[in-house]
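Undergrad: My file is target32.pdb. It has PDB, C-alpha atoms, pLDDT in the B column:
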ATOM      1  CA  MET A 131      56.736  31.009 -20.573  1.00 53.00           C
ATOM      2  CA  THR A 132      55.648  28.344 -18.135  1.00 54.00           C
ATOM      3  CA  GLU A 133      53.393  25.354 -18.664  1.00 57.00           C
ATOM      4  CA  ARG A 134      50.376  27.286 -17.326  1.00 56.00           C
ATOM      5  CA  ASP A 135      50.857  29.914 -20.038  1.00 56.00           C
ATOM      6  CA  TRP A 136      50.045  27.544 -22.906  1.00 59.00           C
ATOM      7  CA  ASP A 137      46.461  27.313 -24.075  1.00 60.00           C
ATOM      8  CA  TYR A 138      45.383  24.655 -26.579  1.00 64.00           C
ATOM      9  CA  LYS A 139      42.413  26.746 -27.720  1.00 67.00           C
ATOM     10  CA  ASN A 140      44.261  29.917 -28.470  1.00 74.00           C
ATOM     11  CA  PRO A 141      48.007  30.524 -28.153  1.00 76.00           C
ATOM     12  CA  LEU A 142      47.375  34.264 -27.865  1.00 78.00           C
ATOM     13  CA  ARG A 143      45.634  33.692 -24.521  1.00 80.00           C
ATOM     14  CA  GLY A 144      48.728  31.964 -23.192  1.00 76.00           C
ATOM     15  CA  LEU A 145      50.938  34.745 -24.469  1.00 79.00           C
ATOM     16  CA  ARG A 146      48.659  37.350 -22.870  1.00 79.00           C
ATOM     17  CA  ARG A 147      48.767  35.467 -19.526  1.00 80.00           C
ATOM     18  CA  ALA A 148      52.556  35.276 -19.678  1.00 79.00           C
ATOM     19  CA  MET A 149      52.833  38.992 -20.410  1.00 79.00           C
ATOM     20  CA  SER A 150      50.526  39.859 -17.524  1.00 78.00           C
ATOM     21  CA  ASP A 151      53.287  38.687 -15.173  1.00 77.00           C
ATOM     22  CA  CYS A 152      56.059  40.594 -16.953  1.00 82.00           C
ATOM     23  CA  SER A 153      57.567  44.018 -16.412  1.00 83.00           C
ATOM     24  CA  GLY A 154      59.276  44.084 -19.808  1.00 87.00           C
ATOM     25  CA  ALA A 155      59.681  42.114 -23.032  1.00 88.00           C
ATOM     26  CA  ILE A 156      62.495  41.179 -25.380  1.00 87.00           C
ATOM     27  CA  VAL A 157      61.698  40.104 -28.933  1.00 87.00           C
ATOM     28  CA  VAL A 158      64.466  38.430 -30.938  1.00 88.00           C
ATOM     29  CA  ALA A 159      63.716  38.586 -34.656  1.00 88.00           C
ATOM     30  CA  TYR A 160      65.801  36.282 -36.822  1.00 87.00           C
ATOM     31  CA  ALA A 161      65.484  34.831 -40.311  1.00 85.00           C
ATOM     32  CA  ARG A 162      62.568  32.456 -40.715  1.00 86.00           C
ATOM     33  CA  TYR A 163      61.642  32.889 -44.375  1.00 85.00           C
ATOM     34  CA  HIS A 164      63.874  33.619 -47.358  1.00 87.00           C
ATOM     35  CA  PHE A 165      62.499  34.546 -50.759  1.00 87.00           C
ATOM     36  CA  PRO A 166      65.101  34.799 -53.536  1.00 88.00           C
ATOM     37  CA  ASN A 167      62.628  36.888 -55.539  1.00 86.00           C
ATOM     38  CA  GLY A 168      59.055  38.044 -55.399  1.00 84.00           C
ATOM     39  CA  GLU A 169      56.737  40.990 -55.707  1.00 82.00           C
ATOM     40  CA  GLU A 170      55.441  43.574 -53.274  1.00 81.00           C
ATOM     41  CA  LEU A 171      51.869  44.591 -54.030  1.00 87.00           C
ATOM     42  CA  ARG A 172      51.366  48.255 -53.225  1.00 86.00           C
ATOM     43  CA  ALA A 173      48.657  50.795 -53.956  1.00 89.00           C
ATOM     44  CA  ASP A 174      50.979  52.511 -56.435  1.00 90.00           C
ATOM     45  CA  GLY A 175      51.777  49.271 -58.254  1.00 88.00           C
ATOM     46  CA  VAL A 176      53.906  46.169 -58.075  1.00 88.00           C
ATOM     47  CA  ARG A 177      57.484  46.402 -56.881  1.00 86.00           C
ATOM     48  CA  SER A 178      60.028  43.677 -57.627  1.00 86.00           C
ATOM     49  CA  LEU A 179      61.798  42.144 -54.615  1.00 82.00           C
ATOM     50  CA  THR A 180      65.009  40.158 -54.537  1.00 84.00           C
ATOM     51  CA  ASP A 181      66.686  38.299 -51.700  1.00 86.00           C
ATOM     52  CA  VAL A 182      64.070  39.149 -49.042  1.00 87.00           C
ATOM     53  CA  ILE A 183      64.303  37.668 -45.534  1.00 86.00           C
ATOM     54  CA  PHE A 184      61.438  37.778 -43.018  1.00 84.00           C
ATOM     55  CA  PRO A 185      61.219  36.764 -39.367  1.00 86.00           C
ATOM     56  CA  THR A 186      58.236  34.846 -37.992  1.00 85.00           C
ATOM     57  CA  ALA A 187      54.969  36.771 -37.738  1.00 85.00           C
ATOM     58  CA  TRP A 188      54.994  35.953 -34.001  1.00 86.00           C
ATOM     59  CA  ASN A 189      57.647  38.633 -33.538  1.00 87.00           C
ATOM     60  CA  GLN A 190      55.139  41.246 -34.671  1.00 87.00           C
ATOM     61  CA  ILE A 191      52.393  39.792 -32.448  1.00 86.00           C
ATOM     62  CA  GLU A 192      54.590  39.595 -29.341  1.00 88.00           C
ATOM     63  CA  ALA A 193      55.961  43.087 -29.843  1.00 88.00           C
ATOM     64  CA  ALA A 194      52.488  44.531 -30.437  1.00 87.00           C
ATOM     65  CA  MET A 195      51.095  42.868 -27.313  1.00 87.00           C
ATOM     66  CA  ALA A 196      53.990  44.103 -25.170  1.00 88.00           C
ATOM     67  CA  TYR A 197      53.663  47.600 -26.626  1.00 87.00           C
ATOM     68  CA  GLU A 198      49.906  47.659 -26.006  1.00 87.00           C
ATOM     69  CA  ARG A 199      50.487  46.653 -22.372  1.00 86.00           C
ATOM     70  CA  GLY A 200      52.961  49.524 -22.034  1.00 85.00           C
ATOM     71  CA  LEU A 201      55.849  47.166 -21.305  1.00 88.00           C
ATOM     72  CA  PRO A 202      59.389  48.318 -21.999  1.00 88.00           C
ATOM     73  CA  LEU A 203      60.264  46.548 -25.233  1.00 87.00           C
ATOM     74  CA  LEU A 204      63.711  45.586 -26.496  1.00 87.00           C
ATOM     75  CA  VAL A 205      63.724  44.310 -30.077  1.00 86.00           C
ATOM     76  CA  LEU A 206      66.852  42.553 -31.310  1.00 87.00           C
ATOM     77  CA  ALA A 207      66.761  42.071 -35.072  1.00 85.00           C
ATOM     78  CA  GLN A 208      69.050  40.051 -37.261  1.00 86.00           C
ATOM     79  CA  SER A 209      70.807  42.170 -39.864  1.00 86.00           C
ATOM     80  CA  GLY A 210      69.337  41.643 -43.328  1.00 86.00           C
ATOM     81  CA  LEU A 211      65.715  41.156 -42.281  1.00 79.00           C
ATOM     82  CA  ARG A 212      63.101  43.166 -44.095  1.00 82.00           C
ATOM     83  CA  ALA A 213      62.302  46.198 -41.950  1.00 81.00           C
ATOM     84  CA  ASP A 214      58.523  45.903 -41.739  1.00 78.00           C
ATOM     85  CA  ALA A 215      56.156  47.106 -38.980  1.00 85.00           C
ATOM     86  CA  VAL A 216      57.949  46.712 -35.618  1.00 76.00           C
ATOM     87  CA  LEU A 217      61.283  46.404 -37.395  1.00 77.00           C
ATOM     88  CA  GLU A 218      60.904  49.688 -39.296  1.00 79.00           C
ATOM     89  CA  GLY A 219      62.302  51.728 -36.431  1.00 72.00           C
ATOM     90  CA  THR A 220      60.157  54.722 -37.365  1.00 73.00           C
ATOM     91  CA  HIS A 221      57.893  54.458 -34.306  1.00 73.00           C
ATOM     92  CA  ASP A 222      58.465  54.272 -30.555  1.00 78.00           C
ATOM     93  CA  ILE A 223      60.256  50.977 -31.044  1.00 80.00           C
ATOM     94  CA  ARG A 224      63.892  51.133 -32.155  1.00 83.00           C
ATOM     95  CA  PRO A 225      65.253  47.676 -33.022  1.00 85.00           C
ATOM     96  CA  PHE A 226      68.857  46.854 -32.240  1.00 83.00           C
ATOM     97  CA  TRP A 227      70.180  45.441 -35.510  1.00 86.00           C
ATOM     98  CA  THR A 228      72.889  42.806 -35.184  1.00 86.00           C
ATOM     99  CA  LYS A 229      74.334  39.712 -36.801  1.00 88.00           C
ATOM    100  CA  LEU A 230      73.127  37.839 -33.679  1.00 82.00           C
ATOM    101  CA  ASP A 231      76.691  36.884 -32.883  1.00 84.00           C
ATOM    102  CA  PRO A 232      77.342  36.181 -29.170  1.00 85.00           C
ATOM    103  CA  ASP A 233      80.148  38.775 -29.238  1.00 85.00           C
ATOM    104  CA  VAL A 234      77.527  41.492 -29.709  1.00 82.00           C
ATOM    105  CA  CYS A 235      76.707  41.106 -26.000  1.00 83.00           C
ATOM    106  CA  ASN A 236      80.036  42.792 -25.213  1.00 84.00           C
ATOM    107  CA  SER A 237      79.555  45.718 -27.575  1.00 85.00           C
ATOM    108  CA  ASP A 238      78.986  49.186 -26.140  1.00 86.00           C
ATOM    109  CA  GLY A 239      75.921  49.676 -28.334  1.00 83.00           C
ATOM    110  CA  PHE A 240      74.186  46.535 -27.099  1.00 86.00           C
ATOM    111  CA  VAL A 241      75.146  47.115 -23.466  1.00 87.00           C
ATOM    112  CA  GLY A 242      73.731  50.650 -23.720  1.00 87.00           C
ATOM    113  CA  TYR A 243      70.452  49.400 -25.230  1.00 85.00           C
ATOM    114  CA  LEU A 244      70.191  46.668 -22.619  1.00 87.00           C
ATOM    115  CA  ARG A 245      70.995  49.016 -19.723  1.00 88.00           C
ATOM    116  CA  SER A 246      68.402  51.603 -20.738  1.00 86.00           C
ATOM    117  CA  TRP A 247      65.801  48.855 -21.277  1.00 87.00           C
ATOM    118  CA  LYS A 248      66.633  47.355 -17.857  1.00 89.00           C
ATOM    119  CA  GLU A 249      66.144  50.750 -16.193  1.00 89.00           C
ATOM    120  CA  ASP A 250      62.735  51.051 -17.844  1.00 86.00           C
ATOM    121  CA  VAL A 251      61.811  47.515 -16.724  1.00 88.00           C
ATOM    122  CA  GLU A 252      62.805  48.273 -13.118  1.00 87.00           C
ATOM    123  CA  ALA A 253      60.814  51.526 -13.169  1.00 88.00           C
ATOM    124  CA  ASN A 254      57.828  49.668 -14.650  1.00 82.00           C
ATOM    125  CA  ALA A 255      58.081  46.932 -11.998  1.00 81.00           C
ATOM    126  CA  ASN A 256      58.264  49.503  -9.184  1.00 79.00           C
ATOM    127  CA  LYS A 257      55.272  51.375 -10.593  1.00 77.00           C
ATOM    128  CA  ALA A 258      53.294  48.124 -10.880  1.00 67.00           C
ATOM    129  CA  ALA A 259      54.175  47.166  -7.293  1.00 63.00           C
ATOM    130  CA  GLU A 260      53.084  50.574  -5.994  1.00 67.00           C
ATOM    131  CA  THR A 261      49.835  50.408  -7.967  1.00 64.00           C
ATOM    132  CA  SER A 262      49.139  46.890  -6.719  1.00 61.00           C
ATOM    133  CA  ALA A 263      49.833  47.852  -3.099  1.00 58.00           C
ATOM    134  CA  GLU A 264      47.588  50.888  -3.440  1.00 61.00           C
ATOM    135  CA  GLU A 265      44.787  48.817  -4.992  1.00 63.00           C
ATOM    136  CA  ASN A 266      45.137  46.129  -2.318  1.00 63.00           C
ATOM    137  CA  SER A 267      44.935  48.701   0.466  1.00 68.00           C
ATOM    138  CA  ARG A 268      41.512  49.780  -0.801  1.00 72.00           C
ATOM    139  CA  VAL A 269      39.855  46.362  -0.993  1.00 74.00           C
ATOM    140  CA  SER A 270      36.432  46.376   0.649  1.00 78.00           C
ATOM    141  CA  VAL A 271      35.051  43.457   2.656  1.00 79.00           C
ATOM    142  CA  ARG A 272      32.512  42.903  -0.117  1.00 81.00           C
ATOM    143  CA  GLN A 273      35.264  42.748  -2.792  1.00 80.00           C
ATOM    144  CA  LEU A 274      37.258  40.371  -0.610  1.00 80.00           C
ATOM    145  CA  PHE A 275      34.224  38.138  -0.033  1.00 80.00           C
ATOM    146  CA  MET A 276      33.220  38.193  -3.721  1.00 82.00           C
ATOM    147  CA  SER A 277      36.720  37.103  -4.736  1.00 82.00           C
ATOM    148  CA  LEU A 278      36.396  33.859  -2.746  1.00 83.00           C
ATOM    149  CA  GLU A 279      35.552  30.525  -4.325  1.00 87.00           C
ATOM    150  CA  TRP A 280      32.042  29.395  -3.299  1.00 85.00           C
ATOM    151  CA  GLN A 281      33.436  26.673  -1.011  1.00 88.00           C
ATOM    152  CA  ASP A 282      35.633  29.185   0.805  1.00 87.00           C
ATOM    153  CA  ALA A 283      32.755  31.657   1.072  1.00 86.00           C
ATOM    154  CA  LEU A 284      30.612  28.921   2.629  1.00 88.00           C
ATOM    155  CA  VAL A 285      33.329  28.217   5.222  1.00 89.00           C
ATOM    156  CA  VAL A 286      33.599  31.942   6.040  1.00 89.00           C
ATOM    157  CA  VAL A 287      29.814  32.301   6.443  1.00 89.00           C
ATOM    158  CA  GLY A 288      29.668  29.126   8.575  1.00 91.00           C
ATOM    159  CA  THR A 289      32.473  30.392  10.791  1.00 91.00           C
ATOM    160  CA  ILE A 290      30.793  33.777  11.273  1.00 92.00           C
ATOM    161  CA  VAL A 291      27.468  32.104  12.119  1.00 92.00           C
ATOM    162  CA  ALA A 292      29.202  29.796  14.637  1.00 92.00           C
ATOM    163  CA  ILE A 293      30.969  32.749  16.301  1.00 92.00           C
ATOM    164  CA  VAL A 294      27.749  34.779  16.530  1.00 91.00           C
ATOM    165  CA  LEU A 295      25.771  31.814  17.939  1.00 90.00           C
ATOM    166  CA  GLY A 296      28.545  31.106  20.433  1.00 88.00           C
ATOM    167  CA  ALA A 297      28.605  34.754  21.548  1.00 88.00           C
ATOM    168  CA  LEU A 298      24.800  34.792  21.890  1.00 87.00           C
ATOM    169  CA  SER A 299      24.858  31.578  23.908  1.00 86.00           C
ATOM    170  CA  ILE A 300      27.545  32.880  26.260  1.00 84.00           C
ATOM    171  CA  GLY A 301      25.693  36.202  26.617  1.00 83.00           C
ATOM    172  CA  TYR A 302      22.462  34.412  27.426  1.00 82.00           C
ATOM    173  CA  ARG A 303      24.162  32.185  30.020  1.00 81.00           C
ATOM    174  CA  ILE A 304      25.856  35.194  31.642  1.00 82.00           C
ATOM    175  CA  GLY A 305      22.515  37.057  31.687  1.00 79.00           C
ATOM    176  CA  MET A 306      20.816  34.101  33.341  1.00 80.00           C
ATOM    177  CA  HIS A 307      23.655  33.891  35.888  1.00 77.00           C
ATOM    178  CA  GLN A 308      24.582  30.445  34.598  1.00 76.00           C
ATOM    179  CA  TRP A 309      28.134  31.388  33.550  1.00 68.00           C
ATOM    180  CA  PRO A 310      30.763  30.142  34.272  1.00 69.00           C
ATOM    181  CA  PHE A 311      28.982  27.608  36.497  1.00 63.00           C
ATOM    182  CA  SER A 312      25.991  25.834  35.081  1.00 57.00           C
TER     183      SER A 312
END
Please re-express this file's structure in structure tokens.

TA:
Amino acid sequence: MTERDWDYKNPLRGLRRAMSDCSGAIVVAYARYHFPNGEELRADGVRSLTDVIFPTAWNQIEAAMAYERGLPLLVLAQSGLRADAVLEGTHDIRPFWTKLDPDVCNSDGFVGYLRSWKEDVEANANKAAETSAEENSRVSVRQLFMSLEWQDALVVVGTIVAIVLGALSIGYRIGMHQWPFS
């Protein structure tokens, strides 16, 4: 994310802006919270939990936003995390579980995940470029004018008025046989 992507009012806005420029997303989920014991409150009762590790909730938010945008999503999850929501692997998203050791980057499993994700990202980027080119080829003069800042629109209108007045003046002078010699 760049400096322009941060928003003091709402960090989700910044995240949304950053994702609008992306063709894919990678979420790295690693241990953030460790609970030696606790309870899971379920509709069918309370279940005892021991040695539970959770990542930050931001992993769920980032993954959900990328998924909603239709971005190819690669989720790398630290082994031992509780498999909740995005990390469950029962939906369209299949996390790559690892010890987050740098050597994993050389493993066939990781390289395969990364390669297939990269292919999806490239296809998504190509599709976005084609869509953008198609949309840009159908921009009307009105849409173009309405997209200008008011100062720029004023300059455009002033320029058009000056050209029209100049053309009328030249036409008048030619009609009165005063052109090119006055």

Undergrad: Here is a test: counting only C-alpha atoms, which residue of A:Ala255, A:Ala283, A:Ile300, A:Val271 is nearest to Asp151 (chain A)?

TA: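 Of A:Ala255, A:Ala283, A:Ile300, A:Val271, the one nearest Asp151 (chain A) is A:Ala255, counting only C-alpha atoms.
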
Undergrad: Tell me, in Å to one decimal, how far CA of Leu145 (chain A) is from CA of Ala194 (chain A).

TA: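 Straight-line distance from CA of Leu145 (chain A) to CA of Ala194 (chain A) works out to 11.6 Å.
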
Undergrad: For this file, the PyMOL selection byres ((chain A and resi 199-214) around 10) selects which residues, as a PDB file with C-alpha atoms, keeping the file's coordinate frame?

TA:
ATOM      1  CA  ARG A 146      48.659  37.350 -22.870  1.00 79.00           C
ATOM      2  CA  MET A 149      52.833  38.992 -20.410  1.00 79.00           C
ATOM      3  CA  SER A 150      50.526  39.859 -17.524  1.00 78.00           C
ATOM      4  CA  CYS A 152      56.059  40.594 -16.953  1.00 82.00           C
ATOM      5  CA  SER A 153      57.567  44.018 -16.412  1.00 83.00           C
ATOM      6  CA  GLY A 154      59.276  44.084 -19.808  1.00 87.00           C
ATOM      7  CA  ALA A 155      59.681  42.114 -23.032  1.00 88.00           C
ATOM      8  CA  ILE A 156      62.495  41.179 -25.380  1.00 87.00           C
ATOM      9  CA  VAL A 157      61.698  40.104 -28.933  1.00 87.00           C
ATOM     10  CA  VAL A 158      64.466  38.430 -30.938  1.00 88.00           C
ATOM     11  CA  ALA A 159      63.716  38.586 -34.656  1.00 88.00           C
ATOM     12  CA  TYR A 160      65.801  36.282 -36.822  1.00 87.00           C
ATOM     13  CA  ALA A 161      65.484  34.831 -40.311  1.00 85.00           C
ATOM     14  CA  ARG A 162      62.568  32.456 -40.715  1.00 86.00           C
ATOM     15  CA  TYR A 163      61.642  32.889 -44.375  1.00 85.00           C
ATOM     16  CA  HIS A 164      63.874  33.619 -47.358  1.00 87.00           C
ATOM     17  CA  ASP A 181      66.686  38.299 -51.700  1.00 86.00           C
ATOM     18  CA  VAL A 182      64.070  39.149 -49.042  1.00 87.00           C
ATOM     19  CA  ILE A 183      64.303  37.668 -45.534  1.00 86.00           C
ATOM     20  CA  PHE A 184      61.438  37.778 -43.018  1.00 84.00           C
ATOM     21  CA  PRO A 185      61.219  36.764 -39.367  1.00 86.00           C
ATOM     22  CA  ASN A 189      57.647  38.633 -33.538  1.00 87.00           C
ATOM     23  CA  GLN A 190      55.139  41.246 -34.671  1.00 87.00           C
ATOM     24  CA  GLU A 192      54.590  39.595 -29.341  1.00 88.00           C
ATOM     25  CA  ALA A 193      55.961  43.087 -29.843  1.00 88.00           C
ATOM     26  CA  ALA A 194      52.488  44.531 -30.437  1.00 87.00           C
ATOM     27  CA  MET A 195      51.095  42.868 -27.313  1.00 87.00           C
ATOM     28  CA  ALA A 196      53.990  44.103 -25.170  1.00 88.00           C
ATOM     29  CA  TYR A 197      53.663  47.600 -26.626  1.00 87.00           C
ATOM     30  CA  GLU A 198      49.906  47.659 -26.006  1.00 87.00           C
ATOM     31  CA  ALA A 215      56.156  47.106 -38.980  1.00 85.00           C
ATOM     32  CA  VAL A 216      57.949  46.712 -35.618  1.00 76.00           C
ATOM     33  CA  LEU A 217      61.283  46.404 -37.395  1.00 77.00           C
ATOM     34  CA  GLU A 218      60.904  49.688 -39.296  1.00 79.00           C
ATOM     35  CA  GLY A 219      62.302  51.728 -36.431  1.00 72.00           C
ATOM     36  CA  THR A 220      60.157  54.722 -37.365  1.00 73.00           C
ATOM     37  CA  ASP A 222      58.465  54.272 -30.555  1.00 78.00           C
ATOM     38  CA  ILE A 223      60.256  50.977 -31.044  1.00 80.00           C
ATOM     39  CA  ARG A 224      63.892  51.133 -32.155  1.00 83.00           C
ATOM     40  CA  PRO A 225      65.253  47.676 -33.022  1.00 85.00           C
ATOM     41  CA  PHE A 226      68.857  46.854 -32.240  1.00 83.00           C
ATOM     42  CA  TRP A 227      70.180  45.441 -35.510  1.00 86.00           C
ATOM     43  CA  THR A 228      72.889  42.806 -35.184  1.00 86.00           C
ATOM     44  CA  LYS A 229      74.334  39.712 -36.801  1.00 88.00           C
ATOM     45  CA  LEU A 230      73.127  37.839 -33.679  1.00 82.00           C
ATOM     46  CA  ASP A 231      76.691  36.884 -32.883  1.00 84.00           C
ATOM     47  CA  PHE A 240      74.186  46.535 -27.099  1.00 86.00           C
ATOM     48  CA  TYR A 243      70.452  49.400 -25.230  1.00 85.00           C
ATOM     49  CA  LEU A 244      70.191  46.668 -22.619  1.00 87.00           C
ATOM     50  CA  SER A 246      68.402  51.603 -20.738  1.00 86.00           C
ATOM     51  CA  TRP A 247      65.801  48.855 -21.277  1.00 87.00           C
ATOM     52  CA  LYS A 248      66.633  47.355 -17.857  1.00 89.00           C
ATOM     53  CA  GLU A 249      66.144  50.750 -16.193  1.00 89.00           C
ATOM     54  CA  ASP A 250      62.735  51.051 -17.844  1.00 86.00           C
ATOM     55  CA  VAL A 251      61.811  47.515 -16.724  1.00 88.00           C
ATOM     56  CA  GLU A 252      62.805  48.273 -13.118  1.00 87.00           C
ATOM     57  CA  ALA A 253      60.814  51.526 -13.169  1.00 88.00           C
ATOM     58  CA  ASN A 254      57.828  49.668 -14.650  1.00 82.00           C
ATOM     59  CA  ALA A 255      58.081  46.932 -11.998  1.00 81.00           C
TER      60      ALA A 255
END

Undergrad: In terms of the shortest atom-to-atom distance over only C-alpha atoms, which of A:Ala148, A:Val287, A:Val176, A:Leu295 is closest to Phe275 (chain A)?

TA: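 For Phe275 (chain A), the nearest of the given residues is A:Val287.
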